file input_13.cif (mmCIF, N, CA and C atoms)
data_upload
loop_
_atom_site.group_PDB
_atom_site.id
_atom_site.type_symbol
_atom_site.label_atom_id
_atom_site.label_comp_id
_atom_site.auth_asym_id
_atom_site.auth_seq_id
_atom_site.Cartn_x
_atom_site.Cartn_y
_atom_site.Cartn_z
ATOM 1 N N MET A 1 5.447 1.672 13.634
ATOM 2 C CA MET A 1 6.874 1.909 13.730
ATOM 3 C C MET A 1 7.531 1.838 12.352
ATOM 4 N N ALA A 2 7.182 0.820 11.559
ATOM 5 C CA ALA A 2 7.782 0.678 10.235
ATOM 6 C C ALA A 2 7.440 1.868 9.349
ATOM 7 N N TYR A 3 6.218 2.368 9.465
ATOM 8 C CA TYR A 3 5.800 3.516 8.662
ATOM 9 C C TYR A 3 6.597 4.763 9.048
ATOM 10 N N LYS A 4 6.871 4.934 10.326
ATOM 11 C CA LYS A 4 7.680 6.070 10.779
ATOM 12 C C LYS A 4 9.113 5.953 10.252
ATOM 13 N N LEU A 5 9.637 4.744 10.232
ATOM 14 C CA LEU A 5 10.989 4.518 9.719
ATOM 15 C C LEU A 5 11.090 4.827 8.229
ATOM 16 N N LEU A 6 9.998 4.632 7.518
ATOM 17 C CA LEU A 6 10.010 4.841 6.077
ATOM 18 C C LEU A 6 10.436 6.261 5.710
ATOM 19 N N SER A 7 9.951 7.229 6.446
ATOM 20 C CA SER A 7 10.301 8.619 6.122
ATOM 21 C C SER A 7 11.779 8.916 6.391
ATOM 22 N N LEU A 8 12.438 8.064 7.156
ATOM 23 C CA LEU A 8 13.859 8.251 7.468
ATOM 24 C C LEU A 8 14.775 7.372 6.625
ATOM 25 N N SER A 9 14.184 6.472 5.847
ATOM 26 C CA SER A 9 14.961 5.486 5.090
ATOM 27 C C SER A 9 15.131 5.918 3.646
ATOM 28 N N ASP A 10 16.129 5.297 3.006
ATOM 29 C CA ASP A 10 16.291 5.501 1.579
ATOM 30 C C ASP A 10 16.758 4.205 0.932
ATOM 31 N N GLY A 11 16.682 4.167 -0.373
ATOM 32 C CA GLY A 11 17.175 3.028 -1.129
ATOM 33 C C GLY A 11 16.562 1.708 -0.753
ATOM 34 N N TYR A 12 17.410 0.730 -0.551
ATOM 35 C CA TYR A 12 16.995 -0.649 -0.290
ATOM 36 C C TYR A 12 16.042 -0.748 0.895
ATOM 37 N N TYR A 13 16.374 -0.092 1.991
ATOM 38 C CA TYR A 13 15.551 -0.202 3.197
ATOM 39 C C TYR A 13 14.168 0.402 2.983
ATOM 40 N N ALA A 14 14.101 1.495 2.274
ATOM 41 C CA ALA A 14 12.806 2.114 1.984
ATOM 42 C C ALA A 14 11.954 1.181 1.118
ATOM 43 N N GLU A 15 12.578 0.564 0.120
ATOM 44 C CA GLU A 15 11.841 -0.364 -0.742
ATOM 45 C C GLU A 15 11.320 -1.556 0.048
ATOM 46 N N GLU A 16 12.146 -2.100 0.906
ATOM 47 C CA GLU A 16 11.722 -3.241 1.718
ATOM 48 C C GLU A 16 10.592 -2.865 2.675
ATOM 49 N N LEU A 17 10.699 -1.709 3.306
ATOM 50 C CA LEU A 17 9.633 -1.252 4.206
ATOM 51 C C LEU A 17 8.335 -1.049 3.432
ATOM 52 N N CYS A 18 8.424 -0.488 2.236
ATOM 53 C CA CYS A 18 7.222 -0.299 1.420
ATOM 54 C C CYS A 18 6.565 -1.633 1.087
ATOM 55 N N ARG A 19 7.369 -2.605 0.736
ATOM 56 C CA ARG A 19 6.818 -3.938 0.429
ATOM 57 C C ARG A 19 6.141 -4.548 1.653
ATOM 58 N N LEU A 20 6.793 -4.446 2.784
ATOM 59 C CA LEU A 20 6.213 -4.999 4.011
ATOM 60 C C LEU A 20 4.909 -4.302 4.384
ATOM 61 N N LEU A 21 4.916 -2.992 4.306
ATOM 62 C CA LEU A 21 3.718 -2.231 4.644
ATOM 63 C C LEU A 21 2.608 -2.488 3.638
ATOM 64 N N GLY A 22 2.972 -2.624 2.366
ATOM 65 C CA GLY A 22 1.980 -2.939 1.343
ATOM 66 C C GLY A 22 1.302 -4.275 1.597
ATOM 67 N N ARG A 23 2.059 -5.245 2.054
ATOM 68 C CA ARG A 23 1.484 -6.559 2.383
ATOM 69 C C ARG A 23 0.500 -6.467 3.537
ATOM 70 N N LEU A 24 0.771 -5.562 4.454
ATOM 71 C CA LEU A 24 -0.085 -5.405 5.627
ATOM 72 C C LEU A 24 -1.512 -5.014 5.242
ATOM 73 N N ILE A 25 -1.687 -4.349 4.107
ATOM 74 C CA ILE A 25 -3.027 -3.941 3.673
ATOM 75 C C ILE A 25 -3.951 -5.147 3.602
ATOM 76 N N ARG A 26 -3.475 -6.231 3.036
ATOM 77 C CA ARG A 26 -4.322 -7.425 2.908
ATOM 78 C C ARG A 26 -4.383 -8.237 4.188
ATOM 79 N N ILE A 27 -3.336 -8.200 4.965
ATOM 80 C CA ILE A 27 -3.305 -8.981 6.197
ATOM 81 C C ILE A 27 -4.204 -8.362 7.253
ATOM 82 N N ASN A 28 -4.076 -7.055 7.433
ATOM 83 C CA ASN A 28 -4.892 -6.375 8.433
ATOM 84 C C ASN A 28 -5.078 -4.916 8.005
ATOM 85 N N PRO A 29 -6.071 -4.661 7.142
ATOM 86 C CA PRO A 29 -6.232 -3.320 6.590
ATOM 87 C C PRO A 29 -6.510 -2.250 7.648
ATOM 88 N N LYS A 30 -7.204 -2.608 8.724
ATOM 89 C CA LYS A 30 -7.488 -1.620 9.764
ATOM 90 C C LYS A 30 -6.199 -1.181 10.461
ATOM 91 N N VAL A 31 -5.333 -2.125 10.785
ATOM 92 C CA VAL A 31 -4.056 -1.790 11.413
ATOM 93 C C VAL A 31 -3.228 -0.923 10.465
ATOM 94 N N PHE A 32 -3.251 -1.265 9.176
ATOM 95 C CA PHE A 32 -2.528 -0.464 8.193
ATOM 96 C C PHE A 32 -3.011 0.984 8.227
ATOM 97 N N LEU A 33 -4.326 1.191 8.175
ATOM 98 C CA LEU A 33 -4.872 2.550 8.167
ATOM 99 C C LEU A 33 -4.595 3.277 9.472
ATOM 100 N N GLU A 34 -4.669 2.567 10.580
ATOM 101 C CA GLU A 34 -4.352 3.189 11.873
ATOM 102 C C GLU A 34 -2.895 3.637 11.899
ATOM 103 N N MET A 35 -2.031 2.815 11.332
ATOM 104 C CA MET A 35 -0.606 3.130 11.323
ATOM 105 C C MET A 35 -0.337 4.379 10.480
ATOM 106 N N ILE A 36 -0.907 4.459 9.284
ATOM 107 C CA ILE A 36 -0.617 5.616 8.447
ATOM 108 C C ILE A 36 -1.347 6.866 8.922
ATOM 109 N N SER A 37 -2.340 6.699 9.781
ATOM 110 C CA SER A 37 -3.037 7.873 10.302
ATOM 111 C C SER A 37 -2.128 8.719 11.195
ATOM 112 N N SER A 38 -1.036 8.128 11.693
ATOM 113 C CA SER A 38 -0.099 8.875 12.529
ATOM 114 C C SER A 38 0.684 9.916 11.723
ATOM 115 N N ASN A 39 0.779 9.711 10.397
ATOM 116 C CA ASN A 39 1.474 10.644 9.513
ATOM 117 C C ASN A 39 0.876 10.499 8.117
ATOM 118 N N PRO A 40 -0.287 11.107 7.884
ATOM 119 C CA PRO A 40 -0.972 10.914 6.603
ATOM 120 C C PRO A 40 -0.349 11.708 5.453
ATOM 121 N N ASP A 41 0.916 11.478 5.185
ATOM 122 C CA ASP A 41 1.638 12.133 4.105
ATOM 123 C C ASP A 41 1.226 11.492 2.772
ATOM 124 N N ASP A 42 0.647 12.296 1.877
ATOM 125 C CA ASP A 42 0.128 11.766 0.617
ATOM 126 C C ASP A 42 1.172 11.016 -0.198
ATOM 127 N N THR A 43 2.379 11.537 -0.252
ATOM 128 C CA THR A 43 3.425 10.898 -1.047
ATOM 129 C C THR A 43 3.782 9.527 -0.477
ATOM 130 N N LEU A 44 3.990 9.459 0.833
ATOM 131 C CA LEU A 44 4.314 8.168 1.451
ATOM 132 C C LEU A 44 3.170 7.185 1.301
ATOM 133 N N ILE A 45 1.952 7.648 1.504
ATOM 134 C CA ILE A 45 0.796 6.757 1.381
ATOM 135 C C ILE A 45 0.738 6.178 -0.029
ATOM 136 N N GLU A 46 0.912 7.021 -1.031
ATOM 137 C CA GLU A 46 0.849 6.540 -2.409
ATOM 138 C C GLU A 46 1.946 5.516 -2.693
ATOM 139 N N ILE A 47 3.142 5.768 -2.223
ATOM 140 C CA ILE A 47 4.253 4.839 -2.441
ATOM 141 C C ILE A 47 3.960 3.494 -1.790
ATOM 142 N N VAL A 48 3.485 3.509 -0.561
ATOM 143 C CA VAL A 48 3.233 2.262 0.166
ATOM 144 C C VAL A 48 2.061 1.503 -0.438
ATOM 145 N N VAL A 49 0.980 2.210 -0.748
ATOM 146 C CA VAL A 49 -0.214 1.548 -1.275
ATOM 147 C C VAL A 49 0.080 0.868 -2.613
ATOM 148 N N LYS A 50 0.976 1.442 -3.405
ATOM 149 C CA LYS A 50 1.287 0.889 -4.720
ATOM 150 C C LYS A 50 2.517 -0.025 -4.725
ATOM 151 N N ALA A 51 3.151 -0.240 -3.586
ATOM 152 C CA ALA A 51 4.389 -1.021 -3.543
ATOM 153 C C ALA A 51 4.160 -2.453 -4.030
ATOM 154 N N PRO A 52 5.018 -2.929 -4.917
ATOM 155 C CA PRO A 52 4.871 -4.305 -5.401
ATOM 156 C C PRO A 52 5.178 -5.317 -4.310
ATOM 157 N N ARG A 53 4.538 -6.451 -4.387
ATOM 158 C CA ARG A 53 4.764 -7.492 -3.393
ATOM 159 C C ARG A 53 5.828 -8.488 -3.850
ATOM 160 N N ILE A 54 6.275 -8.354 -5.062
ATOM 161 C CA ILE A 54 7.245 -9.296 -5.630
ATOM 162 C C ILE A 54 8.639 -8.964 -5.128
ATOM 163 N N GLU A 55 9.365 -9.969 -4.745
ATOM 164 C CA GLU A 55 10.708 -9.769 -4.210
ATOM 165 C C GLU A 55 11.741 -9.487 -5.308
ATOM 166 N N ASP A 56 11.636 -10.182 -6.406
ATOM 167 C CA ASP A 56 12.619 -10.005 -7.471
ATOM 168 C C ASP A 56 11.886 -9.572 -8.735
ATOM 169 N N GLU A 57 11.745 -8.288 -8.911
ATOM 170 C CA GLU A 57 10.969 -7.740 -10.018
ATOM 171 C C GLU A 57 11.549 -8.089 -11.383
ATOM 172 N N GLU A 58 12.851 -8.239 -11.491
ATOM 173 C CA GLU A 58 13.458 -8.525 -12.787
ATOM 174 C C GLU A 58 12.968 -9.852 -13.355
ATOM 175 N N ILE A 59 12.809 -10.850 -12.513
ATOM 176 C CA ILE A 59 12.354 -12.155 -12.967
ATOM 177 C C ILE A 59 10.931 -12.069 -13.483
ATOM 178 N N PHE A 60 10.126 -11.247 -12.849
ATOM 179 C CA PHE A 60 8.708 -11.184 -13.175
ATOM 180 C C PHE A 60 8.321 -9.955 -14.002
ATOM 181 N N ILE A 61 9.278 -9.286 -14.612
ATOM 182 C CA ILE A 61 9.003 -8.007 -15.260
ATOM 183 C C ILE A 61 7.865 -8.094 -16.276
ATOM 184 N N HIS A 62 7.766 -9.182 -17.015
ATOM 185 C CA HIS A 62 6.719 -9.319 -18.015
ATOM 186 C C HIS A 62 5.345 -9.545 -17.387
ATOM 187 N N TYR A 63 5.347 -10.042 -16.162
ATOM 188 C CA TYR A 63 4.087 -10.351 -15.502
ATOM 189 C C TYR A 63 3.721 -9.337 -14.421
ATOM 190 N N LEU A 64 4.597 -8.409 -14.173
ATOM 191 C CA LEU A 64 4.406 -7.481 -13.060
ATOM 192 C C LEU A 64 3.095 -6.711 -13.156
ATOM 193 N N ASN A 65 2.773 -6.198 -14.315
ATOM 194 C CA ASN A 65 1.562 -5.403 -14.452
ATOM 195 C C ASN A 65 0.319 -6.214 -14.087
ATOM 196 N N LYS A 66 0.202 -7.415 -14.607
ATOM 197 C CA LYS A 66 -0.968 -8.255 -14.311
ATOM 198 C C LYS A 66 -0.982 -8.686 -12.844
ATOM 199 N N ILE A 67 0.170 -9.008 -12.337
ATOM 200 C CA ILE A 67 0.265 -9.418 -10.934
ATOM 201 C C ILE A 67 -0.133 -8.264 -10.025
ATOM 202 N N MET A 68 0.354 -7.071 -10.329
ATOM 203 C CA MET A 68 0.030 -5.920 -9.487
ATOM 204 C C MET A 68 -1.426 -5.512 -9.623
ATOM 205 N N GLN A 69 -2.010 -5.644 -10.813
ATOM 206 C CA GLN A 69 -3.436 -5.364 -10.951
ATOM 207 C C GLN A 69 -4.247 -6.275 -10.039
ATOM 208 N N ASN A 70 -3.894 -7.535 -10.028
ATOM 209 C CA ASN A 70 -4.574 -8.496 -9.158
ATOM 210 C C ASN A 70 -4.358 -8.133 -7.691
ATOM 211 N N GLU A 71 -3.132 -7.762 -7.347
ATOM 212 C CA GLU A 71 -2.822 -7.371 -5.974
ATOM 213 C C GLU A 71 -3.605 -6.120 -5.576
ATOM 214 N N TYR A 72 -3.679 -5.142 -6.475
ATOM 215 C CA TYR A 72 -4.431 -3.916 -6.179
ATOM 216 C C TYR A 72 -5.905 -4.234 -5.945
ATOM 217 N N LEU A 73 -6.467 -5.128 -6.752
ATOM 218 C CA LEU A 73 -7.873 -5.512 -6.554
ATOM 219 C C LEU A 73 -8.081 -6.151 -5.183
ATOM 220 N N LYS A 74 -7.147 -6.975 -4.767
ATOM 221 C CA LYS A 74 -7.252 -7.616 -3.454
ATOM 222 C C LYS A 74 -7.070 -6.595 -2.327
ATOM 223 N N ARG A 75 -6.193 -5.627 -2.525
ATOM 224 C CA ARG A 75 -6.005 -4.572 -1.525
ATOM 225 C C ARG A 75 -7.272 -3.716 -1.421
ATOM 226 N N ILE A 76 -7.888 -3.418 -2.556
ATOM 227 C CA ILE A 76 -9.146 -2.663 -2.552
ATOM 228 C C ILE A 76 -10.204 -3.432 -1.775
ATOM 229 N N GLU A 77 -10.313 -4.716 -2.063
ATOM 230 C CA GLU A 77 -11.276 -5.569 -1.364
ATOM 231 C C GLU A 77 -11.034 -5.548 0.147
ATOM 232 N N ALA A 78 -9.775 -5.647 0.547
ATOM 233 C CA ALA A 78 -9.446 -5.653 1.978
ATOM 234 C C ALA A 78 -9.761 -4.305 2.615
ATOM 235 N N LEU A 79 -9.380 -3.223 1.963
ATOM 236 C CA LEU A 79 -9.617 -1.894 2.528
ATOM 237 C C LEU A 79 -11.109 -1.595 2.671
ATOM 238 N N LYS A 80 -11.908 -2.115 1.767
ATOM 239 C CA LYS A 80 -13.357 -1.884 1.834
ATOM 240 C C LYS A 80 -13.996 -2.529 3.056
ATOM 241 N N THR A 81 -13.291 -3.429 3.704
ATOM 242 C CA THR A 81 -13.849 -4.071 4.910
ATOM 243 C C THR A 81 -13.726 -3.188 6.142
ATOM 244 N N VAL A 82 -12.938 -2.122 6.053
ATOM 245 C CA VAL A 82 -12.735 -1.226 7.198
ATOM 246 C C VAL A 82 -13.853 -0.184 7.205
ATOM 247 N N ASN A 83 -14.647 -0.175 8.264
ATOM 248 C CA ASN A 83 -15.778 0.748 8.367
ATOM 249 C C ASN A 83 -15.633 1.748 9.501
ATOM 250 N N ASP A 84 -14.489 1.798 10.118
ATOM 251 C CA ASP A 84 -14.243 2.717 11.219
ATOM 252 C C ASP A 84 -14.354 4.157 10.706
ATOM 253 N N PRO A 85 -15.282 4.954 11.258
ATOM 254 C CA PRO A 85 -15.467 6.334 10.790
ATOM 255 C C PRO A 85 -14.192 7.182 10.876
ATOM 256 N N GLU A 86 -13.360 6.940 11.869
ATOM 257 C CA GLU A 86 -12.127 7.712 12.021
ATOM 258 C C GLU A 86 -11.108 7.406 10.926
ATOM 259 N N LEU A 87 -11.237 6.255 10.291
ATOM 260 C CA LEU A 87 -10.281 5.847 9.254
ATOM 261 C C LEU A 87 -10.858 5.977 7.846
ATOM 262 N N ARG A 88 -12.109 6.385 7.748
ATOM 263 C CA ARG A 88 -12.792 6.424 6.450
ATOM 264 C C ARG A 88 -12.068 7.305 5.440
ATOM 265 N N LYS A 89 -11.620 8.479 5.852
ATOM 266 C CA LYS A 89 -10.955 9.399 4.924
ATOM 267 C C LYS A 89 -9.659 8.790 4.379
ATOM 268 N N LEU A 90 -8.854 8.196 5.251
ATOM 269 C CA LEU A 90 -7.618 7.538 4.798
ATOM 270 C C LEU A 90 -7.920 6.336 3.924
ATOM 271 N N ARG A 91 -8.931 5.555 4.322
ATOM 272 C CA ARG A 91 -9.325 4.386 3.520
ATOM 273 C C ARG A 91 -9.707 4.847 2.119
ATOM 274 N N ASP A 92 -10.533 5.889 2.034
ATOM 275 C CA ASP A 92 -10.982 6.381 0.738
ATOM 276 C C ASP A 92 -9.831 6.922 -0.100
ATOM 277 N N ARG A 93 -8.856 7.550 0.546
ATOM 278 C CA ARG A 93 -7.679 8.039 -0.171
ATOM 279 C C ARG A 93 -6.893 6.865 -0.758
ATOM 280 N N CYS A 94 -6.700 5.834 0.046
ATOM 281 C CA CYS A 94 -5.987 4.642 -0.439
ATOM 282 C C CYS A 94 -6.755 3.975 -1.572
ATOM 283 N N LEU A 95 -8.078 3.890 -1.435
ATOM 284 C CA LEU A 95 -8.908 3.305 -2.489
ATOM 285 C C LEU A 95 -8.799 4.115 -3.778
ATOM 286 N N ALA A 96 -8.771 5.427 -3.666
ATOM 287 C CA ALA A 96 -8.658 6.276 -4.855
ATOM 288 C C ALA A 96 -7.319 6.063 -5.560
ATOM 289 N N ILE A 97 -6.248 5.948 -4.788
ATOM 290 C CA ILE A 97 -4.921 5.721 -5.368
ATOM 291 C C ILE A 97 -4.904 4.398 -6.127
ATOM 292 N N LEU A 98 -5.420 3.358 -5.501
ATOM 293 C CA LEU A 98 -5.420 2.039 -6.136
ATOM 294 C C LEU A 98 -6.326 2.022 -7.371
ATOM 295 N N SER A 99 -7.484 2.661 -7.278
ATOM 296 C CA SER A 99 -8.407 2.702 -8.411
ATOM 297 C C SER A 99 -7.780 3.434 -9.600
ATOM 298 N N GLU A 100 -7.071 4.522 -9.310
ATOM 299 C CA GLU A 100 -6.384 5.267 -10.353
ATOM 300 C C GLU A 100 -5.334 4.398 -11.038
ATOM 301 N N GLU A 101 -4.601 3.633 -10.264
ATOM 302 C CA GLU A 101 -3.583 2.738 -10.844
ATOM 303 C C GLU A 101 -4.224 1.699 -11.750
ATOM 304 N N LEU A 102 -5.379 1.202 -11.380
ATOM 305 C CA LEU A 102 -6.059 0.187 -12.206
ATOM 306 C C LEU A 102 -6.561 0.779 -13.525
ATOM 307 N N ARG A 103 -6.834 2.075 -13.556
ATOM 308 C CA ARG A 103 -7.318 2.714 -14.792
ATOM 309 C C ARG A 103 -6.180 2.961 -15.790
ATOM 310 N N LYS A 104 -4.943 2.872 -15.360
ATOM 311 C CA LYS A 104 -3.802 3.141 -16.256
ATOM 312 C C LYS A 104 -3.605 2.020 -17.243
#
call {"tool": "encode", "arguments": {"input": "input_13.cif", "output": "structure tokens"}}
result
Amino acid sequence: MAYKLLSLSDGYYAEELCRLLGRLIRINPKVFLEMISSNPDDTLIEIVVKAPRIEDEEIFIHYLNKIMQNEYLKRIEALKTVNDPELRKLRDRCLAILSEELRK
């Protein structure tokens, strides 16, 4: 439901939904992939997969890059636990997005 709302939201609400959905990757990566499989829009997937988990980015601006690198590594680790053949393509897409971010 939250993922469907994301395409209809803008500004503050979109950012909050992205943060919530991004957290879900580590909490339950299979549910996350099942949810985005309902609308596998590349742009939305990339935004959600890369969404920062920090609530107040201004306070942590100097540490954001290192914090997000660590978060991306943990998200990669969580996504790799999903072996459902129906979700493999989405999982691999999310892994590619995160891996690309780590190479920057």
call {"tool": "atom_distance", "arguments": {"input": "input_13.cif", "atom1": "atom CA of Ile45 of chain A", "atom2": "atom N of Tyr63 of chain A"}}
result
24.7 Å
call {"tool": "axis_aligned_box", "arguments": {"input": "input_13.cif", "around": "segment 4-10 of chain A", "padding_each_side": "8 Å", "output": "JSON"}}
result
{"center_x": 11.8, "center_y": 6.6, "center_z": 5.9, "size_x": 25.9, "size_y": 20.7, "size_z": 25.8}
call {"tool": "resolve_selection", "arguments": {"input": "input_13.cif", "expression": "the PyMOL selection byres (((chain A and resi 84-89 and name CA) around 12) and name CA)", "output": "JSON, numbers by chain"}}
result
{"A": [29, 30, 31, 32, 33, 34, 35, 36, 37, 38, 40, 79, 80, 81, 82, 83, 90, 91, 92, 93, 94, 95, 96]}
call {"tool": "closest_residue", "arguments": {"input": "input_13.cif", "among": "A:Leu24, A:Glu15, A:Asn70, A:Leu5", "to": "Asn39 of chain A", "atoms": "only C-alpha atoms"}}
result
A:Leu5
call {"tool": "atom_distance", "arguments": {"input": "input_13.cif", "atom1": "atom CA of Lys4 of chain A", "atom2": "atom N of Ile25 of chain A"}}
result
15.5 Å
call {"tool": "residues_around", "arguments": {"input": "input_13.cif", "residues": "Arg103 of chain A", "least_positions_apart": "2", "cutoff": "12 Å", "atoms": "only C-alpha atoms", "output": "list of chain:residue names"}}
result
A:Gln69, A:Tyr72, A:Leu73, A:Ala96, A:Ile97, A:Leu98, A:Ser99, A:Glu100, A:Glu101
call {"tool": "atom_distance", "arguments": {"input": "input_13.cif", "atom1": "atom C of Leu20 of chain A", "atom2": "atom CA of Lys50 of chain A"}}
result
11.1 Å
call {"tool": "closest_residue", "arguments": {"input": "input_13.cif", "among": "A:Val49, A:Asn65, A:Leu44, A:Arg26", "to": "Glu77 of chain A", "atoms": "only N, CA and C atoms"}}
result
A:Arg26
